[in-house]
>>> print(open('upload-v1.cif').read())   # mmCIF, C-alpha atoms
data_structure
loop_
_atom_site.label_atom_id
_atom_site.label_comp_id
_atom_site.auth_asym_id
_atom_site.auth_seq_id
_atom_site.Cartn_x
_atom_site.Cartn_y
_atom_site.Cartn_z
CA MET A 1 -65.12 -95.10 -100.77
CA ILE A 2 -63.77 -97.97 -102.85
CA MET A 3 -63.31 -98.62 -106.57
CA LEU A 4 -64.19 -102.01 -108.05
CA TYR A 5 -63.40 -102.67 -111.68
CA PHE A 6 -63.24 -105.22 -114.45
CA SER A 7 -60.77 -104.62 -117.25
CA GLY A 8 -60.11 -106.95 -120.14
CA THR A 9 -56.98 -105.35 -121.59
CA GLY A 10 -56.18 -102.30 -119.49
CA ASN A 11 -58.55 -99.47 -120.46
CA SER A 12 -60.96 -99.72 -117.53
CA LYS A 13 -58.11 -100.54 -115.16
CA TYR A 14 -56.45 -97.27 -116.14
CA ILE A 15 -59.61 -95.24 -115.44
CA ALA A 16 -60.18 -97.06 -112.14
CA LYS A 17 -56.59 -96.47 -111.00
CA LEU A 18 -56.72 -92.84 -112.10
CA PHE A 19 -59.82 -92.22 -109.99
CA SER A 20 -58.42 -94.11 -107.00
CA PHE A 21 -55.09 -92.28 -107.16
CA TYR A 22 -56.65 -88.84 -106.85
CA MET A 23 -59.46 -89.85 -104.46
CA ASN A 24 -57.13 -91.90 -102.25
CA ALA A 25 -59.60 -94.76 -102.52
CA LYS A 26 -58.96 -98.48 -102.30
CA CYS A 27 -59.01 -100.08 -105.74
CA HIS A 28 -59.74 -103.75 -106.46
CA SER A 29 -60.36 -105.85 -109.54
CA ILE A 30 -63.47 -108.01 -109.21
CA GLU A 31 -61.20 -110.93 -110.19
CA GLU A 32 -59.36 -110.74 -106.86
CA GLN A 33 -59.93 -113.47 -104.27
CA ILE A 34 -60.92 -111.26 -101.34
CA ASP A 35 -63.86 -110.85 -98.98
CA PHE A 36 -66.01 -108.51 -101.05
CA ASP A 37 -68.95 -108.73 -98.65
CA LYS A 38 -66.77 -107.27 -95.89
CA LEU A 39 -65.29 -104.68 -98.21
CA LEU A 40 -68.72 -103.51 -99.34
CA SER A 41 -70.11 -103.41 -95.81
CA GLU A 42 -67.33 -101.01 -94.79
CA SER A 43 -67.97 -98.55 -97.63
CA GLU A 44 -70.77 -96.04 -98.08
CA THR A 45 -69.88 -95.12 -101.67
CA ILE A 46 -68.85 -97.70 -104.26
CA ALA A 47 -67.30 -96.72 -107.59
CA PHE A 48 -67.55 -99.22 -110.43
CA CYS A 49 -65.63 -99.21 -113.70
CA TYR A 50 -66.07 -101.54 -116.66
CA PRO A 51 -65.95 -101.64 -120.48
CA VAL A 52 -69.18 -101.23 -122.42
CA TYR A 53 -70.24 -104.03 -124.75
CA ALA A 54 -73.03 -102.89 -127.13
CA SER A 55 -74.28 -100.39 -124.55
CA ARG A 56 -74.41 -103.08 -121.89
CA VAL A 57 -72.42 -104.41 -118.94
CA PRO A 58 -70.01 -107.35 -119.49
CA ARG A 59 -71.30 -110.68 -118.24
CA ILE A 60 -68.50 -111.06 -115.69
CA MET A 61 -69.52 -107.77 -114.05
CA ARG A 62 -73.22 -108.66 -114.19
CA GLU A 63 -72.48 -111.91 -112.40
CA PHE A 64 -70.43 -110.08 -109.77
CA VAL A 65 -73.30 -107.69 -109.02
CA SER A 66 -75.76 -110.57 -108.83
CA LYS A 67 -73.52 -112.38 -106.35
CA TYR A 68 -73.14 -109.37 -104.05
CA LEU A 69 -76.54 -107.76 -104.60
CA SER A 70 -77.55 -107.82 -100.94
CA SER A 71 -74.25 -106.24 -99.84
CA LEU A 72 -74.80 -103.39 -102.31
CA LYS A 73 -78.23 -102.45 -100.98
CA GLY A 74 -78.44 -98.82 -99.89
CA LYS A 75 -75.04 -97.89 -101.32
CA LYS A 76 -74.21 -94.74 -103.26
CA LEU A 77 -72.72 -95.59 -106.64
CA ILE A 78 -70.29 -93.83 -108.95
CA ILE A 79 -70.32 -95.47 -112.38
CA PHE A 80 -67.50 -95.13 -114.89
CA CYS A 81 -67.47 -97.04 -118.15
CA THR A 82 -65.04 -97.13 -121.04
CA GLN A 83 -66.15 -97.14 -124.66
CA MET A 84 -64.63 -97.24 -128.13
CA ILE A 85 -67.39 -95.13 -129.71
CA PHE A 86 -70.50 -93.49 -128.31
CA SER A 87 -72.15 -96.27 -126.33
CA GLY A 88 -75.50 -94.70 -125.53
CA ASP A 89 -76.58 -95.64 -122.02
CA GLY A 90 -73.63 -97.82 -121.04
CA ALA A 91 -73.51 -96.33 -117.53
CA ARG A 92 -77.28 -96.32 -117.05
CA ALA A 93 -77.40 -100.00 -118.04
CA PHE A 94 -75.55 -100.79 -114.80
CA THR A 95 -78.54 -99.60 -112.79
CA ALA A 96 -80.75 -102.15 -114.54
CA LEU A 97 -78.91 -104.84 -112.57
CA PHE A 98 -80.57 -103.64 -109.35
CA PRO A 99 -84.15 -103.63 -108.06
CA ARG A 100 -85.80 -100.20 -108.02
CA GLY A 101 -84.60 -98.16 -105.06
CA HIS A 102 -81.81 -100.64 -104.22
CA ILE A 103 -78.96 -98.16 -104.84
CA LYS A 104 -78.48 -94.44 -105.45
CA VAL A 105 -76.37 -93.22 -108.36
CA VAL A 106 -74.47 -90.05 -107.46
CA TYR A 107 -72.33 -89.83 -110.61
CA ALA A 108 -71.92 -91.55 -113.98
CA GLU A 109 -69.43 -90.88 -116.76
CA HIS A 110 -68.24 -92.45 -120.03
CA PHE A 111 -64.60 -92.42 -121.16
CA PHE A 112 -63.46 -92.88 -124.77
CA MET A 113 -60.58 -95.35 -124.95
CA PRO A 114 -58.69 -97.11 -127.78
CA ASN A 115 -59.98 -100.17 -129.61
CA ASN A 116 -58.71 -103.48 -128.22
CA ILE A 117 -60.29 -105.80 -130.82
CA SER A 118 -57.14 -106.81 -132.65
CA SER A 119 -58.58 -109.54 -134.89
CA ALA A 120 -61.19 -107.45 -136.74
CA ALA A 121 -59.79 -105.82 -139.88
CA PHE A 122 -62.65 -103.31 -140.08
CA VAL A 123 -61.73 -101.80 -136.68
CA PRO A 124 -58.21 -100.34 -136.92
CA MET A 125 -55.86 -100.49 -133.96
CA ALA A 126 -54.77 -97.16 -132.51
CA SER A 127 -51.22 -95.95 -132.94
CA GLU A 128 -49.10 -95.26 -129.87
CA LYS A 129 -49.60 -91.54 -130.49
CA LEU A 130 -53.38 -91.96 -130.62
CA VAL A 131 -53.37 -94.06 -127.43
CA LYS A 132 -51.60 -91.23 -125.63
CA PHE A 133 -54.18 -88.80 -126.98
CA TYR A 134 -57.00 -90.92 -125.59
CA LEU A 135 -55.30 -91.03 -122.21
CA ARG A 136 -54.84 -87.26 -122.09
CA CYS A 137 -58.51 -86.78 -122.93
CA SER A 138 -59.48 -89.27 -120.24
CA GLN A 139 -57.37 -87.45 -117.69
CA ARG A 140 -59.12 -84.18 -118.49
CA ARG A 141 -62.54 -85.82 -118.26
CA MET A 142 -61.59 -87.46 -114.98
CA ALA A 143 -60.36 -84.13 -113.58
CA LYS A 144 -63.78 -82.61 -114.33
CA ALA A 145 -65.51 -85.59 -112.76
CA LEU A 146 -63.41 -85.32 -109.60
CA VAL A 147 -64.26 -81.63 -109.23
CA ASP A 148 -67.97 -82.42 -109.61
CA ILE A 149 -67.89 -85.34 -107.18
CA MET A 150 -66.01 -83.44 -104.48
CA ALA A 151 -68.43 -80.52 -104.90
CA GLY A 152 -71.40 -82.86 -104.55
CA ASP A 153 -72.63 -82.14 -108.08
CA THR A 154 -74.56 -85.01 -109.62
CA LYS A 155 -74.00 -85.86 -113.27
CA LYS A 156 -75.38 -88.93 -115.01
CA ARG A 157 -73.92 -89.48 -118.45
CA GLY A 158 -76.02 -91.86 -120.52
CA PHE A 159 -79.27 -91.34 -118.64
CA ASN A 160 -80.99 -88.94 -121.06
CA ILE A 161 -83.55 -89.97 -123.67
CA LEU A 162 -81.14 -89.82 -126.62
CA SER A 163 -78.61 -92.05 -124.86
CA ARG A 164 -81.28 -94.50 -123.78
CA THR A 165 -82.66 -94.68 -127.32
CA LEU A 166 -79.22 -95.47 -128.73
CA GLY A 167 -78.74 -98.03 -125.99
CA LEU A 168 -82.01 -99.73 -126.87
CA LEU A 169 -80.92 -99.93 -130.50
CA GLN A 170 -77.55 -101.49 -129.61
CA ALA A 171 -78.62 -103.76 -126.77
CA PRO A 172 -80.14 -106.52 -128.96
CA LEU A 173 -76.65 -107.11 -130.38
CA LEU A 174 -75.17 -108.22 -127.07
CA ALA A 175 -77.10 -111.39 -126.27
CA PRO A 176 -76.42 -113.15 -129.61
CA THR A 177 -72.82 -111.92 -129.59
CA GLU A 178 -72.27 -113.32 -126.08
CA LYS A 179 -73.78 -116.61 -127.19
CA MET A 180 -71.52 -116.63 -130.24
CA ALA A 181 -68.45 -115.90 -128.12
CA LYS A 182 -69.09 -118.94 -125.94
CA ASN A 183 -68.53 -121.15 -128.95
CA SER A 184 -66.24 -119.16 -131.20
CA VAL A 185 -62.81 -119.34 -129.57
CA LYS A 186 -60.34 -120.46 -132.22
CA VAL A 187 -56.68 -121.38 -131.84
CA SER A 188 -54.50 -121.54 -134.95
CA ASP A 189 -51.67 -123.95 -135.75
CA GLY A 190 -49.25 -121.25 -134.58
CA CYS A 191 -50.09 -122.01 -130.94
CA ASN A 192 -47.03 -123.20 -128.98
CA LEU A 193 -49.02 -124.31 -125.89
CA CYS A 194 -47.27 -121.72 -123.69
CA GLY A 195 -50.40 -121.48 -121.52
CA VAL A 196 -50.48 -117.67 -121.32
CA CYS A 197 -54.10 -117.55 -122.50
CA VAL A 198 -55.07 -120.12 -119.86
CA SER A 199 -53.46 -118.12 -117.05
CA VAL A 200 -54.89 -114.72 -118.01
CA CYS A 201 -58.51 -115.68 -118.78
CA PRO A 202 -60.79 -114.12 -116.12
CA MET A 203 -63.44 -116.80 -116.65
CA GLN A 204 -61.17 -119.87 -116.45
CA ASN A 205 -62.52 -120.62 -119.90
CA LEU A 206 -59.34 -122.04 -121.40
CA SER A 207 -57.30 -125.14 -120.63
CA VAL A 208 -54.61 -127.32 -122.17
CA HIS A 209 -56.03 -130.70 -123.10
CA SER A 210 -54.54 -133.47 -125.24
CA GLY A 211 -51.91 -131.21 -126.72
CA SER A 212 -54.20 -128.31 -127.62
CA ILE A 213 -56.02 -125.34 -126.11
CA THR A 214 -59.69 -126.08 -125.45
CA HIS A 215 -62.45 -123.78 -124.21
CA ASN A 216 -65.29 -124.37 -121.79
CA HIS A 217 -67.97 -122.23 -123.49
CA ASN A 218 -67.60 -119.49 -120.87
CA CYS A 219 -66.04 -116.53 -122.73
CA THR A 220 -66.90 -113.01 -121.53
CA MET A 221 -65.48 -111.32 -124.68
CA CYS A 222 -62.76 -109.33 -122.93
CA CYS A 223 -60.16 -109.99 -125.68
CA ARG A 224 -57.42 -110.46 -123.09
CA CYS A 225 -56.27 -113.80 -124.49
CA VAL A 226 -56.19 -112.42 -128.04
CA ASN A 227 -53.95 -109.54 -127.03
CA LYS A 228 -51.74 -111.47 -124.60
CA CYS A 229 -50.96 -114.50 -126.79
CA PRO A 230 -47.22 -114.37 -127.68
CA ALA A 231 -47.88 -116.33 -130.87
CA LYS A 232 -50.94 -114.28 -131.89
CA ALA A 233 -52.67 -117.63 -132.33
CA ILE A 234 -56.02 -117.15 -130.58
CA THR A 235 -59.14 -115.24 -131.68
CA ILE A 236 -62.75 -114.85 -130.55
CA ILE A 237 -65.78 -113.91 -132.67
CA PHE A 238 -63.67 -112.11 -135.28
CA HIS A 239 -61.16 -114.52 -136.78
CA GLY A 240 -59.00 -112.30 -138.95
CA LYS A 241 -55.24 -112.52 -138.65
CA VAL A 242 -53.91 -110.77 -135.54
CA LYS A 243 -51.30 -108.44 -136.96
CA LYS A 244 -51.06 -106.00 -134.08
CA GLN A 245 -52.06 -106.50 -130.47
CA TYR A 246 -53.33 -103.87 -128.08
CA LEU A 247 -50.10 -103.03 -126.25
CA PHE A 248 -51.69 -100.89 -123.54
CA GLY A 249 -53.05 -104.09 -122.05
CA ASN A 250 -49.88 -106.08 -122.64
CA GLY A 251 -47.89 -104.89 -119.65
CA LYS A 252 -47.21 -101.36 -120.91
CA ASP A 253 -49.71 -99.58 -118.67
CA ALA A 254 -49.40 -95.80 -118.77
CA LYS A 255 -48.13 -94.10 -115.66
CA ILE A 256 -50.89 -92.40 -113.74
CA GLY A 257 -50.49 -88.64 -113.89
CA ARG A 258 -47.60 -88.75 -116.40
CA THR A 259 -49.40 -89.21 -119.69
#
>>> encode(input="upload-v1.cif", output="structure tokens")
Amino acid sequence: MIMLYFSGTGNSKYIAKLFSFYMNAKCHSIEEQIDFDKLLSESETIAFCYPVYASRVPRIMREFVSKYLSSLKGKKLIIFCTQMIFSGDGARAFTALFPRGHIKVVYAEHFFMPNNISSAAFVPMASEKLVKFYLRCSQRRMAKALVDIMAGDTKKRGFNILSRTLGLLQAPLLAPTEKMAKNSVKVSDGCNLCGVCVSVCPMQNLSVHSGSITHNHNCTMCCRCVNKCPAKAITIIFHGKVKKQYLFGNGKDAKIGRT
């Protein structure tokens, strides 16, 4: 068994590492430069973890699945996704990336995690106390999931009719938002050209050109650059002033098992 994850600012990474720690499973970010075909061929069960965007899978994860579709054929999948609010069928949406009968889902679960959109005034950032609360809740939910998985009990969060209905209502928001994100990266005059945003972007979307940060219309909306920028000078989609960044993803990862 292996765990493959994408995490913009730390939430999904935490869930992926938590699962891998207790299941003694190899854990890899899909951003790593490794032989994924070989890794997948050696594993019968693949666990995936990713953040939910409007009840759907982030583009970077969709592109990963498309690239390795043949290597995933016949695999058993465990699907974990992180969400800020109830996401509907965020886990079920992952199965839509495969042809019918291509894979078998043995477990699916959603985890509530703190908001990481730091440039939208209408979505408040969580306090440190609230972040710890989310992590404790996630640990309890993961403990239940581990018991179920080891007992062979199948659970598929997000696959029922209510979840699918909510997912269908939210899904139309993703395509135009993704299109908007490709062209909405803004860098304020406060930028000091440190290059942090360039180095952390998972899509190689940012670069330093002619004394300014430019983008290549390839944003996957992970908010990593917004939360990592030392000058709080970069925003995507929502262009309010960044007053507080999401610290959980800024190098202050919680210790597994000690939250």
>>> resolve_selection(input="upload-v1.cif", expression="the PyMOL selection byres ((chain A and resi 16) around 12)", output="ChimeraX atom specification")
/A:2-7,10-15,17-30,46-51,78-82,111,138-139,142,256
>>> residues_around(input="upload-v1.cif", residues="Thr220 of chain A", least_positions_apart="3", cutoff="7 Å", atoms="only C-alpha atoms", output="PyMOL selection string")
chain A and resi 58-60
>>> write_last_selection(input="upload-v1.cif", atoms="C-alpha atoms", output="short mmCIF file (atom, residue, chain, number, x, y, z; two decimals), in the frame of the given file")
data_model
loop_
_atom_site.label_atom_id
_atom_site.label_comp_id
_atom_site.auth_asym_id
_atom_site.auth_seq_id
_atom_site.Cartn_x
_atom_site.Cartn_y
_atom_site.Cartn_z
CA PRO A 58 -70.01 -107.35 -119.49
CA ARG A 59 -71.30 -110.68 -118.24
CA ILE A 60 -68.50 -111.06 -115.69
#
>>> residues_around(input="upload-v1.cif", residues="segment 210-213 of chain A", least_positions_apart="2", cutoff="8 Å", atoms="all atoms listed in the file", output="NGL selection string")
:A and (187 or 193 or 206-208 or 215)
>>> write_last_selection(input="upload-v1.cif", atoms="C-alpha atoms", output="compact mmCIF listing (two decimals), keeping the file's coordinate frame")
# COMPACT_ATOMS: atom_id res chain seq x y z
CA VAL A 187 -56.68 -121.38 -131.84
CA LEU A 193 -49.02 -124.31 -125.89
CA LEU A 206 -59.34 -122.04 -121.40
CA SER A 207 -57.30 -125.14 -120.63
CA VAL A 208 -54.61 -127.32 -122.17
CA HIS A 215 -62.45 -123.78 -124.21
>>> atom_distance(input="upload-v1.cif", atom1="atom CA of Ala91 of chain A", atom2="atom CA of Lys76 of chain A")
14.4 Å
>>> atom_distance(input="upload-v1.cif", atom1="atom CA of Ser184 of chain A", atom2="atom CA of Ala96 of chain A")
27.9 Å
>>> atom_distance(input="upload-v1.cif", atom1="atom CA of Val185 of chain A", atom2="atom CA of Ser55 of chain A")
22.7 Å
>>> resolve_selection(input="upload-v1.cif", expression="the PyMOL selection byres ((chain A and resi 182) around 10)", output="list in words")
Thr177, Glu178, Lys179, Met180, Ala181, Asn183, Ser184, Val185, Asn205, His215, Asn216, His217, Asn218, Cys219, Thr220, Met221, Ile236 and Ile237 of chain A
>>> closest_residue(input="upload-v1.cif", among="A:Gly158, A:Pro124, A:Gly195, A:Gly74", to="Cys229 of chain A", atoms="all atoms listed in the file")
A:Gly195
>>> closest_residue(input="upload-v1.cif", among="A:Val52, A:Phe64, A:Ile149, A:Phe122", to="Glu32 of chain A", atoms="only C-alpha atoms")
A:Phe64
>>> residues_around(input="upload-v1.cif", residues="Gly167 of chain A", least_positions_apart="2", cutoff="7 Å", atoms="only C-alpha atoms", output="number ranges by chain")
A: 55, 87-89, 163-165, 169-171
